[in-house]
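Dropping work26.csv in here (CSV, C-alpha atoms):
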```csv
chain,number,residue,atom,x,y,z
S,13,MET,CA,-223.4,29.0,-81.3
S,14,LYS,CA,-226.1,31.3,-82.6
S,15,ILE,CA,-227.4,33.3,-79.6
S,16,LEU,CA,-230.1,36.0,-79.2
S,17,PHE,CA,-230.1,38.4,-76.3
S,18,ILE,CA,-233.2,40.3,-75.3
S,19,GLY,CA,-231.4,43.3,-73.9
S,20,GLY,CA,-227.7,42.8,-74.0
S,21,THR,CA,-226.3,46.2,-73.0
S,22,GLY,CA,-226.9,46.3,-69.2
S,23,THR,CA,-224.6,45.9,-66.3
S,24,ILE,CA,-224.7,42.1,-66.5
S,25,SER,CA,-225.4,41.5,-70.2
S,26,SER,CA,-222.8,43.9,-71.6
S,27,ALA,CA,-219.9,41.8,-70.3
S,28,ILE,CA,-221.4,38.6,-71.7
S,29,THR,CA,-222.0,40.4,-75.0
S,30,ARG,CA,-218.3,41.4,-75.2
S,31,GLN,CA,-217.0,38.0,-74.3
S,32,LEU,CA,-219.3,36.1,-76.7
S,33,ALA,CA,-218.4,38.6,-79.5
S,34,GLU,CA,-214.6,38.1,-78.9
S,35,SER,CA,-215.0,34.3,-78.9
S,36,GLY,CA,-216.5,34.1,-82.4
S,37,HIS,CA,-220.1,33.2,-81.6
S,38,GLU,CA,-222.9,34.6,-83.7
S,39,LEU,CA,-224.6,37.0,-81.4
S,40,TRP,CA,-227.8,38.9,-82.0
S,41,LEU,CA,-229.2,41.6,-79.7
S,42,LEU,CA,-232.9,42.5,-79.7
S,43,ASN,CA,-233.4,45.9,-78.0
S,44,ARG,CA,-234.4,49.5,-78.7
S,45,GLY,CA,-230.9,50.4,-79.8
S,46,ASN,CA,-230.3,53.1,-77.2
S,47,ARG,CA,-226.7,52.1,-76.6
S,48,LYS,CA,-225.6,51.1,-80.1
S,49,SER,CA,-222.2,52.7,-79.7
S,50,GLU,CA,-221.3,50.2,-77.0
S,51,VAL,CA,-222.1,47.1,-79.1
S,52,PRO,CA,-219.2,45.2,-80.7
S,53,ALA,CA,-219.1,45.6,-84.5
S,54,ASN,CA,-219.6,41.9,-85.2
S,55,VAL,CA,-222.8,41.7,-83.2
S,56,LYS,CA,-226.1,41.8,-85.1
S,57,GLN,CA,-228.9,44.0,-83.9
S,58,ILE,CA,-232.6,43.9,-84.2
S,59,VAL,CA,-233.9,47.3,-83.2
S,60,ALA,CA,-237.4,46.8,-81.8
S,61,ASP,CA,-239.6,46.9,-78.8
S,62,ILE,CA,-239.8,43.3,-77.5
S,63,ASN,CA,-243.4,44.2,-76.3
S,64,ASP,CA,-244.5,44.7,-79.9
S,65,GLU,CA,-244.9,41.0,-80.5
S,66,THR,CA,-246.2,41.2,-84.0
S,67,ALA,CA,-243.3,43.4,-85.2
S,68,VAL,CA,-240.7,41.2,-83.5
S,69,GLN,CA,-242.2,38.1,-85.1
S,70,ARG,CA,-241.9,39.7,-88.5
S,71,LEU,CA,-238.3,40.8,-87.9
S,72,LEU,CA,-237.2,37.4,-86.7
S,73,GLY,CA,-238.6,35.7,-89.7
S,74,ASP,CA,-237.6,32.1,-89.8
S,75,GLU,CA,-234.5,32.5,-87.7
S,76,GLN,CA,-233.6,29.7,-85.3
S,77,PHE,CA,-231.2,30.0,-82.3
S,78,ASP,CA,-229.2,27.7,-80.1
S,79,ALA,CA,-230.0,30.0,-77.2
S,80,VAL,CA,-232.3,32.9,-76.4
S,81,CYS,CA,-231.6,34.9,-73.2
S,82,ASP,CA,-233.9,37.4,-71.6
S,83,PHE,CA,-232.3,40.0,-69.4
S,84,ILE,CA,-235.3,42.3,-69.1
S,85,GLY,CA,-238.2,40.0,-68.2
S,86,PHE,CA,-239.7,41.2,-64.9
S,87,VAL,CA,-243.4,40.0,-64.9
S,88,PRO,CA,-245.0,36.7,-66.0
S,89,GLU,CA,-246.7,38.4,-69.0
S,90,GLN,CA,-243.3,39.1,-70.4
S,91,VAL,CA,-242.0,35.5,-70.1
S,92,GLU,CA,-245.3,34.2,-71.5
S,93,ARG,CA,-244.7,36.5,-74.5
S,94,ASP,CA,-241.2,35.0,-74.9
S,95,TYR,CA,-242.7,31.5,-74.8
S,96,ARG,CA,-245.0,32.4,-77.7
S,97,LEU,CA,-242.2,34.0,-79.7
S,98,PHE,CA,-239.5,31.4,-79.1
S,99,ALA,CA,-241.1,28.0,-78.5
S,100,GLY,CA,-239.8,25.8,-81.3
S,101,ARG,CA,-237.3,28.5,-82.3
S,102,THR,CA,-234.5,27.8,-79.7
S,103,ARG,CA,-232.7,24.9,-78.2
S,104,GLN,CA,-232.4,26.8,-74.9
S,105,TYR,CA,-234.2,29.7,-73.3
S,106,VAL,CA,-232.3,31.4,-70.4
S,107,TYR,CA,-234.2,33.6,-68.0
S,108,ILE,CA,-232.3,36.0,-65.7
S,109,SER,CA,-234.1,35.9,-62.4
S,110,SER,CA,-232.6,37.2,-59.1
S,111,ALA,CA,-231.1,35.9,-55.9
S,112,SER,CA,-233.4,38.4,-54.1
S,113,ALA,CA,-236.1,35.8,-54.7
S,114,TYR,CA,-234.6,33.6,-52.0
S,115,HIS,CA,-236.4,33.6,-48.6
S,116,LYS,CA,-234.4,35.7,-46.2
S,117,PRO,CA,-233.6,35.1,-43.5
S,118,SER,CA,-233.5,31.4,-44.3
S,119,ARG,CA,-232.8,28.7,-41.8
S,120,SER,CA,-229.2,28.7,-43.0
S,121,TYR,CA,-227.2,31.7,-44.0
S,122,ILE,CA,-225.7,29.5,-46.7
S,123,ILE,CA,-227.8,29.9,-49.8
S,124,ASN,CA,-228.0,27.4,-52.7
S,125,GLU,CA,-230.5,26.7,-55.5
S,126,GLY,CA,-232.6,24.6,-53.2
S,127,THR,CA,-233.3,27.5,-50.8
S,128,THR,CA,-237.0,28.4,-50.6
S,129,LEU,CA,-238.2,31.2,-52.9
S,130,ALA,CA,-240.2,33.7,-51.0
S,131,ASN,CA,-240.0,37.5,-50.4
S,132,PRO,CA,-242.8,39.2,-48.7
S,133,TYR,CA,-241.0,42.5,-48.6
S,134,TRP,CA,-240.2,43.1,-52.3
S,135,GLU,CA,-242.7,43.1,-55.2
S,136,TYR,CA,-239.8,42.9,-57.7
S,137,SER,CA,-238.7,39.6,-56.2
S,138,ARG,CA,-242.2,38.1,-56.0
S,139,GLN,CA,-242.6,38.9,-59.7
S,140,LYS,CA,-239.3,37.1,-60.5
S,141,ILE,CA,-240.6,34.1,-58.6
S,142,ALA,CA,-243.8,34.1,-60.6
S,143,CYS,CA,-241.8,34.3,-63.8
S,144,GLU,CA,-239.7,31.3,-62.7
S,145,GLU,CA,-242.9,29.3,-61.9
S,146,ALA,CA,-244.5,30.1,-65.3
S,147,LEU,CA,-241.3,29.0,-67.2
S,148,MET,CA,-240.8,25.8,-65.2
S,149,ARG,CA,-244.5,24.9,-65.9
S,150,HIS,CA,-243.8,25.3,-69.6
S,151,TYR,CA,-240.7,23.1,-69.2
S,152,ARG,CA,-242.7,20.4,-67.5
S,153,GLU,CA,-245.8,20.5,-69.6
S,154,ASP,CA,-244.5,21.7,-73.0
S,155,ARG,CA,-240.9,20.7,-73.0
S,156,PHE,CA,-239.8,24.3,-73.3
S,157,PRO,CA,-235.9,24.2,-72.8
S,158,VAL,CA,-235.6,26.5,-69.8
S,159,THR,CA,-232.5,27.5,-67.8
S,160,ILE,CA,-232.9,29.9,-64.9
S,161,VAL,CA,-230.0,32.1,-63.7
S,162,ARG,CA,-230.1,33.9,-60.4
S,163,PRO,CA,-227.5,36.7,-60.0
S,164,SER,CA,-227.0,38.7,-56.9
S,165,HIS,CA,-225.2,42.0,-56.5
S,166,THR,CA,-223.3,42.2,-59.8
S,167,TYR,CA,-221.5,45.4,-60.7
S,168,CYS,CA,-219.2,46.9,-63.3
S,169,GLU,CA,-217.0,49.9,-64.0
S,170,ARG,CA,-220.1,52.2,-64.2
S,171,GLY,CA,-221.1,51.9,-60.6
S,172,VAL,CA,-219.9,51.1,-57.0
S,173,PRO,CA,-222.0,48.7,-55.1
S,174,THR,CA,-223.5,50.2,-51.9
S,175,GLY,CA,-226.1,48.9,-49.5
S,176,LEU,CA,-228.2,52.1,-49.6
S,177,HIS,CA,-228.3,54.8,-52.2
S,178,GLY,CA,-230.7,57.2,-53.9
S,179,PRO,CA,-232.8,56.4,-57.0
S,180,LYS,CA,-230.0,57.7,-59.3
S,181,GLY,CA,-227.2,55.4,-58.1
S,182,CYS,CA,-224.2,55.4,-55.9
S,183,TRP,CA,-222.5,58.7,-56.6
S,184,GLN,CA,-224.0,60.7,-53.8
S,185,VAL,CA,-222.8,58.1,-51.3
S,186,LEU,CA,-219.3,58.4,-52.7
S,187,LYS,CA,-219.6,62.2,-52.7
S,188,ARG,CA,-220.5,62.1,-49.0
S,189,MET,CA,-217.4,60.1,-48.3
S,190,ILE,CA,-215.3,62.5,-50.4
S,191,ASP,CA,-216.8,65.5,-48.6
S,192,GLY,CA,-216.0,64.0,-45.2
S,193,LYS,CA,-219.6,63.3,-44.3
S,194,PRO,CA,-220.9,60.2,-42.5
S,195,ILE,CA,-222.7,57.6,-44.6
S,196,LEU,CA,-225.7,55.6,-43.6
S,197,VAL,CA,-224.9,51.9,-42.9
S,198,HIS,CA,-227.8,49.6,-42.2
S,199,GLY,CA,-227.6,47.6,-38.9
S,200,ASP,CA,-224.2,47.7,-37.4
S,201,GLY,CA,-222.4,46.9,-40.7
S,202,SER,CA,-221.5,43.4,-39.6
S,203,SER,CA,-223.8,41.4,-41.9
S,204,LEU,CA,-222.2,39.5,-44.8
S,205,TRP,CA,-222.7,40.3,-48.4
S,206,THR,CA,-221.3,39.2,-51.8
S,207,MET,CA,-220.5,41.4,-54.8
S,208,THR,CA,-219.6,39.9,-58.2
S,209,TRP,CA,-217.7,41.6,-61.0
S,210,ASN,CA,-219.7,41.4,-64.2
S,211,GLU,CA,-216.9,39.9,-66.3
S,212,ASP,CA,-216.6,37.0,-63.8
S,213,PHE,CA,-220.4,36.5,-63.9
S,214,ALA,CA,-220.2,36.4,-67.7
S,215,ARG,CA,-217.8,33.4,-67.7
S,216,GLY,CA,-220.1,31.4,-65.6
S,217,PHE,CA,-223.1,32.4,-67.7
S,218,ILE,CA,-221.5,31.5,-71.0
S,219,GLY,CA,-220.6,28.1,-69.6
S,220,LEU,CA,-224.3,27.3,-69.2
S,221,LEU,CA,-225.1,28.2,-72.9
S,222,GLY,CA,-225.6,25.1,-75.0
S,223,ASN,CA,-224.9,23.0,-71.8
S,224,PRO,CA,-227.3,20.0,-71.7
S,225,HIS,CA,-226.9,19.8,-67.9
S,226,ALA,CA,-228.5,23.3,-67.6
S,227,ILE,CA,-231.9,22.5,-69.2
S,228,GLY,CA,-234.7,22.5,-66.6
S,229,GLU,CA,-232.3,23.7,-63.9
S,230,ALA,CA,-231.7,26.9,-61.9
S,231,PHE,CA,-228.2,28.2,-61.2
S,232,GLN,CA,-226.8,31.1,-59.1
S,233,ILE,CA,-223.6,32.8,-60.3
S,234,MET,CA,-221.6,34.7,-57.7
S,235,SER,CA,-218.2,35.3,-56.3
S,236,ASP,CA,-217.0,33.1,-53.4
S,237,GLU,CA,-215.8,36.3,-51.6
S,238,SER,CA,-218.1,37.3,-48.7
S,239,LEU,CA,-217.5,40.6,-46.9
S,240,THR,CA,-219.2,42.6,-44.1
S,241,TRP,CA,-220.7,45.9,-45.1
S,242,ASN,CA,-218.1,47.5,-42.9
S,243,GLN,CA,-215.4,45.9,-44.9
S,244,ILE,CA,-217.1,46.9,-48.2
S,245,TYR,CA,-217.4,50.5,-47.2
S,246,GLN,CA,-213.9,50.6,-45.7
S,247,THR,CA,-212.5,49.3,-49.0
S,248,ILE,CA,-214.4,52.0,-50.9
S,249,ALA,CA,-213.0,54.7,-48.5
S,250,ASP,CA,-209.5,53.3,-48.8
S,251,VAL,CA,-209.7,53.5,-52.7
S,252,LEU,CA,-211.0,57.1,-52.4
S,253,GLY,CA,-208.3,57.9,-49.9
S,254,VAL,CA,-210.7,59.2,-47.3
S,255,GLU,CA,-211.8,58.3,-43.8
S,256,TYR,CA,-214.6,55.8,-43.4
S,257,LYS,CA,-217.3,57.5,-41.2
S,258,PRO,CA,-220.2,55.1,-40.8
S,259,TYR,CA,-223.5,56.1,-39.2
S,260,TYR,CA,-225.4,53.0,-38.1
S,261,VAL,CA,-229.2,52.9,-38.4
S,262,ALA,CA,-231.6,50.0,-38.1
S,263,SER,CA,-232.8,48.7,-41.4
S,264,SER,CA,-236.4,48.8,-40.2
S,265,PHE,CA,-236.1,52.5,-39.4
S,266,LEU,CA,-234.5,53.3,-42.7
S,267,ALA,CA,-237.3,51.5,-44.5
S,268,ALA,CA,-240.0,53.3,-42.4
S,269,VAL,CA,-238.7,56.8,-43.0
S,270,SER,CA,-237.6,56.6,-46.6
S,271,PRO,CA,-239.8,57.6,-49.6
S,272,LYS,CA,-241.8,54.6,-50.8
S,273,GLU,CA,-240.6,55.0,-54.4
S,274,TRP,CA,-237.1,54.3,-53.2
S,275,ASP,CA,-238.2,50.8,-52.2
S,276,VAL,CA,-235.8,50.6,-49.3
S,277,GLU,CA,-237.9,48.0,-47.6
S,278,GLY,CA,-237.4,45.6,-50.5
S,279,ASN,CA,-233.7,46.4,-51.1
S,280,LEU,CA,-232.7,46.1,-47.4
S,281,ILE,CA,-235.2,44.0,-45.4
S,282,GLY,CA,-236.0,41.8,-48.4
S,283,ASP,CA,-232.4,41.4,-49.5
S,284,LYS,CA,-229.2,43.2,-48.3
S,285,ALA,CA,-229.8,43.5,-44.6
S,286,VAL,CA,-229.5,39.8,-44.0
S,287,SER,CA,-226.2,37.8,-43.9
S,288,VAL,CA,-225.9,35.4,-46.8
S,289,VAL,CA,-223.2,33.3,-48.3
S,290,PHE,CA,-223.8,31.8,-51.7
S,291,ASP,CA,-222.8,28.2,-52.4
S,292,CYS,CA,-222.1,27.9,-56.1
S,293,THR,CA,-221.2,24.2,-56.1
S,294,LYS,CA,-224.0,23.4,-58.6
S,295,LEU,CA,-222.6,25.9,-61.1
S,296,LYS,CA,-219.1,24.6,-60.7
S,297,ARG,CA,-220.3,21.0,-61.4
S,298,ALA,CA,-222.0,22.2,-64.6
S,299,VAL,CA,-219.2,24.6,-65.6
S,300,PRO,CA,-215.9,22.9,-64.5
S,301,GLY,CA,-213.2,25.4,-63.8
S,302,PHE,CA,-215.5,28.4,-63.1
S,303,LYS,CA,-214.1,30.8,-60.5
S,304,ALA,CA,-214.8,34.4,-59.9
S,305,ALA,CA,-211.3,35.9,-60.2
S,306,THR,CA,-211.9,39.6,-59.3
S,307,ARG,CA,-211.6,40.5,-55.7
S,308,PHE,CA,-213.8,43.3,-54.5
S,309,ASP,CA,-210.9,45.6,-53.8
S,310,GLU,CA,-209.7,45.1,-57.4
S,311,GLY,CA,-213.1,45.6,-58.9
S,312,VAL,CA,-214.1,48.7,-56.9
S,313,ARG,CA,-210.7,50.3,-57.7
S,314,ARG,CA,-211.6,49.9,-61.4
S,315,SER,CA,-215.1,51.2,-60.8
S,316,ILE,CA,-214.0,54.3,-58.9
S,317,ALA,CA,-211.3,55.2,-61.4
S,318,TYR,CA,-213.9,54.9,-64.2
S,319,MET,CA,-216.5,57.0,-62.4
S,320,LEU,CA,-214.0,59.7,-61.5
S,321,SER,CA,-212.9,60.0,-65.1
S,322,HIS,CA,-216.5,60.1,-66.4
S,323,PRO,CA,-218.4,63.2,-65.1
S,324,GLU,CA,-221.6,62.0,-66.7
S,325,LEU,CA,-221.8,59.3,-64.1
S,326,GLN,CA,-221.4,61.7,-61.2
S,327,ILE,CA,-225.1,62.3,-60.7
S,328,GLU,CA,-225.7,64.3,-57.6
S,329,GLU,CA,-228.9,63.8,-55.6
S,330,PRO,CA,-229.5,66.7,-53.2
S,331,ASP,CA,-232.8,65.0,-51.9
S,332,PHE,CA,-231.0,61.8,-50.9
S,333,ASP,CA,-228.2,63.8,-49.4
S,334,HIS,CA,-230.6,65.9,-47.3
S,335,TRP,CA,-232.5,62.7,-46.3
S,336,CYS,CA,-229.3,61.2,-45.0
S,337,ASP,CA,-228.6,64.3,-42.9
S,338,GLN,CA,-232.2,64.2,-41.6
S,339,VAL,CA,-232.0,60.6,-40.6
S,340,ILE,CA,-228.8,61.3,-38.7
S,341,LYS,CA,-230.2,64.4,-37.0
S,342,ALA,CA,-233.4,62.5,-36.0
S,343,GLN,CA,-231.4,59.6,-34.4
S,344,GLU,CA,-229.1,62.0,-32.6
S,345,GLN,CA,-232.1,63.9,-31.2
S,346,ALA,CA,-233.6,60.7,-30.1
S,347,LYS,CA,-230.5,59.9,-28.1
S,348,ILE,CA,-230.6,63.2,-26.4
S,349,LEU,CA,-234.3,62.8,-25.6
S,350,ILE,CA,-233.8,59.3,-24.2
S,351,ASP,CA,-230.8,60.4,-22.1
S,352,ASN,CA,-232.8,63.4,-20.7
S,353,SER,CA,-235.9,61.4,-19.9
S,354,THR,CA,-233.8,58.7,-18.3
S,355,PHE,CA,-232.1,61.3,-16.1
S,356,ALA,CA,-235.4,62.9,-15.2
S,357,SER,CA,-236.9,59.5,-14.3
S,358,SER,CA,-233.9,58.7,-12.1
S,359,ALA,CA,-234.2,62.1,-10.4
S,360,CYS,CA,-237.9,61.6,-9.7
S,361,LEU,CA,-237.2,58.2,-8.2
S,362,VAL,CA,-234.6,59.7,-5.9
S,363,ASP,CA,-237.0,62.4,-4.8
S,364,ARG,CA,-239.8,59.8,-4.1
S,365,ARG,CA,-237.4,57.7,-2.0
S,366,ARG,CA,-236.3,60.8,0.0
S,367,TYR,CA,-239.9,61.8,0.6
S,368,VAL,CA,-240.8,58.3,1.9
S,369,SER,CA,-237.8,58.2,4.2
S,370,LEU,CA,-239.0,61.5,5.8
```

Can you give me the file's structure in the form of structure tokens?
Amino acid sequence: MKILFIGGTGTISSAITRQLAESGHELWLLNRGNRKSEVPANVKQIVADINDETAVQRLLGDEQFDAVCDFIGFVPEQVERDYRLFAGRTRQYVYISSASAYHKPSRSYIINEGTTLANPYWEYSRQKIACEEALMRHYREDRFPVTIVRPSHTYCERGVPTGLHGPKGCWQVLKRMIDGKPILVHGDGSSLWTMTWNEDFARGFIGLLGNPHAIGEAFQIMSDESLTWNQIYQTIADVLGVEYKPYYVASSFLAAVSPKEWDVEGNLIGDKAVSVVFDCTKLKRAVPGFKAATRFDEGVRRSIAYMLSHPELQIEEPDFDHWCDQVIKAQEQAKILIDNSTFASSACLVDRRRYVSL
């Protein structure tokens, strides 16, 4: 197949790029060329800003594709641009949405493609929903050959998935573990979550390319392995060879006291704080034989080994570290305050009873 990726070098798309290149497909990447060194030699590149529609149209010329996949479309204006660029130029257009678009908590903790899309807590998710709606309208009204893919927490060797971290990534959470400090865990750590290794995701994704059963449909691609956040963090601690020291804090409190630009409300209350189990039956019907083969303990072992051997990924965040300490200090002080006030109230009650008895 002849395939064009808009993007192609991110956490999700890089694994797909490698697998397609290895299997002999003609793959083109349209991006700004910031990570050229990571692109396989047999992949063609169009170095451009996709937002410069006139320039992209000129660079594409008369090229036709079996599939065009957009990994970096976040708002409806971007998918409308894609429609103008690729309508009549591709047999399939694949849009990468997000499982955070699902309404949470839903009536069932089991999520499938029929689960309602709604997220009042996260603007990112609402924009993804709007993109899906625009594309499906073009499918219904203009016969634009759309396929929608909804990934959840997909990771690779460049990062370890955590429930809460600073704006620069996961390293400061790992560093707190290594330094013997407690880490913030939302809720009591017992809610279920799913992480998917990017190479597993890639196999499911590739199975949808050129697949006639995928046109006009939405698919979620995840591992079947569900773990509690306590199990997730315990696994990370075990791989690091350190003690797991959780400090539990309500998600609502974390969202209330965190900097707005961190978007903790969206990431937690709108997504990770709720137990979900993803049912990928629909994908497995369309892509027979698909199965995520990488257990979390295997994937995180690879991630941590890679991060420890690549100092450029060990980005420290003193502000996030200080904020974690402040949250812990505030909650501990609240415990003392409540204990003291409870004791004082009890003492006053005893005094009043003694006075009445006299």

Contact residues around Ser203 of chain S with all atoms listed in the file at 8 Å, ignoring same-chain residues under 5 positions, as a VMD selection string: chain S and resid 240 to 241 285 to 287

If I take atom CA of Arg47 of chain S and atom CA of Gly171 of chain S, how far is one from the other in Å, to one decimal? 17.0 Å

Select, from S:Ser164, S:Tyr121, S:Gly222, S:Ile195, the residue with the minimum atom-to-atom distance to Lys14 of chain S, counting only C-alpha atoms. S:Gly222

Taking 4 positions as the minimum chain separation for residues in the same chain, which residues sit within 9 Å of Arg93 of chain S when counting only C-alpha atoms? Answer as a count of residues only. 7

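Each of S:Gln345, S:Asn223, S:Gln104, S:Asn210 was checked against Leu295 of chain S using only C-alpha atoms; the smallest atom-to-atom distance is that of S:Asn223.
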
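Interatomic distance, atom CA of Glu237 of chain S to atom CA of Lys296 of chain S: 15.2 Å.
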
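Closest approach to Asn43 of chain S among S:Ile108, S:Ile244, S:Val299, S:Leu16: S:Leu16, based on all atoms listed in the file.
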
Would you kindly return, as a PyMOL selection string, each protein, DNA or RNA residue with an atom no farther than 12 Å from any atom of Asp154 of chain S, considering all atoms listed in the file and excluding same-chain residues fewer than 4 positions away? chain S and resi 95-96+99-100+146-150+158+228

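Nearest to Tyr105 of chain S of all the residues S:Arg215, S:Lys341, S:Arg155, S:Lys284 is S:Arg155, counting all atoms listed in the file.
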
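Nearest to Ala305 of chain S of all the residues S:Thr247, S:Ser270, S:Thr208, S:Gln343 is S:Thr208, counting all atoms listed in the file.
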
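Nearest-residue note for Gly216 of chain S: choosing from S:Pro163, S:Gly73, S:Gly22, S:Pro271, the minimum distance belongs to S:Pro163, counting all atoms listed in the file.
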
Just the residues within 10 Å of Arg188 of chain S, please, counting all atoms listed in the file, with nothing from its chain fewer than 6 positions along; format it as number ranges by chain. S: 194-196, 257, 333, 336

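With only C-alpha atoms taken into account, the protein and nucleic acid residues at most 9 Å from Arg101 of chain S (excluding it and anything under 3 positions from it in its own chain) are S:Asp74, S:Glu75, S:Gln76, S:Phe77, S:Asp78, S:Val80, S:Leu97, S:Phe98.
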
Separating atom CA of Glu169 of chain S from atom CA of Asp61 of chain S, to the nearest tenth of an Å, is a gap of 27.2 Å
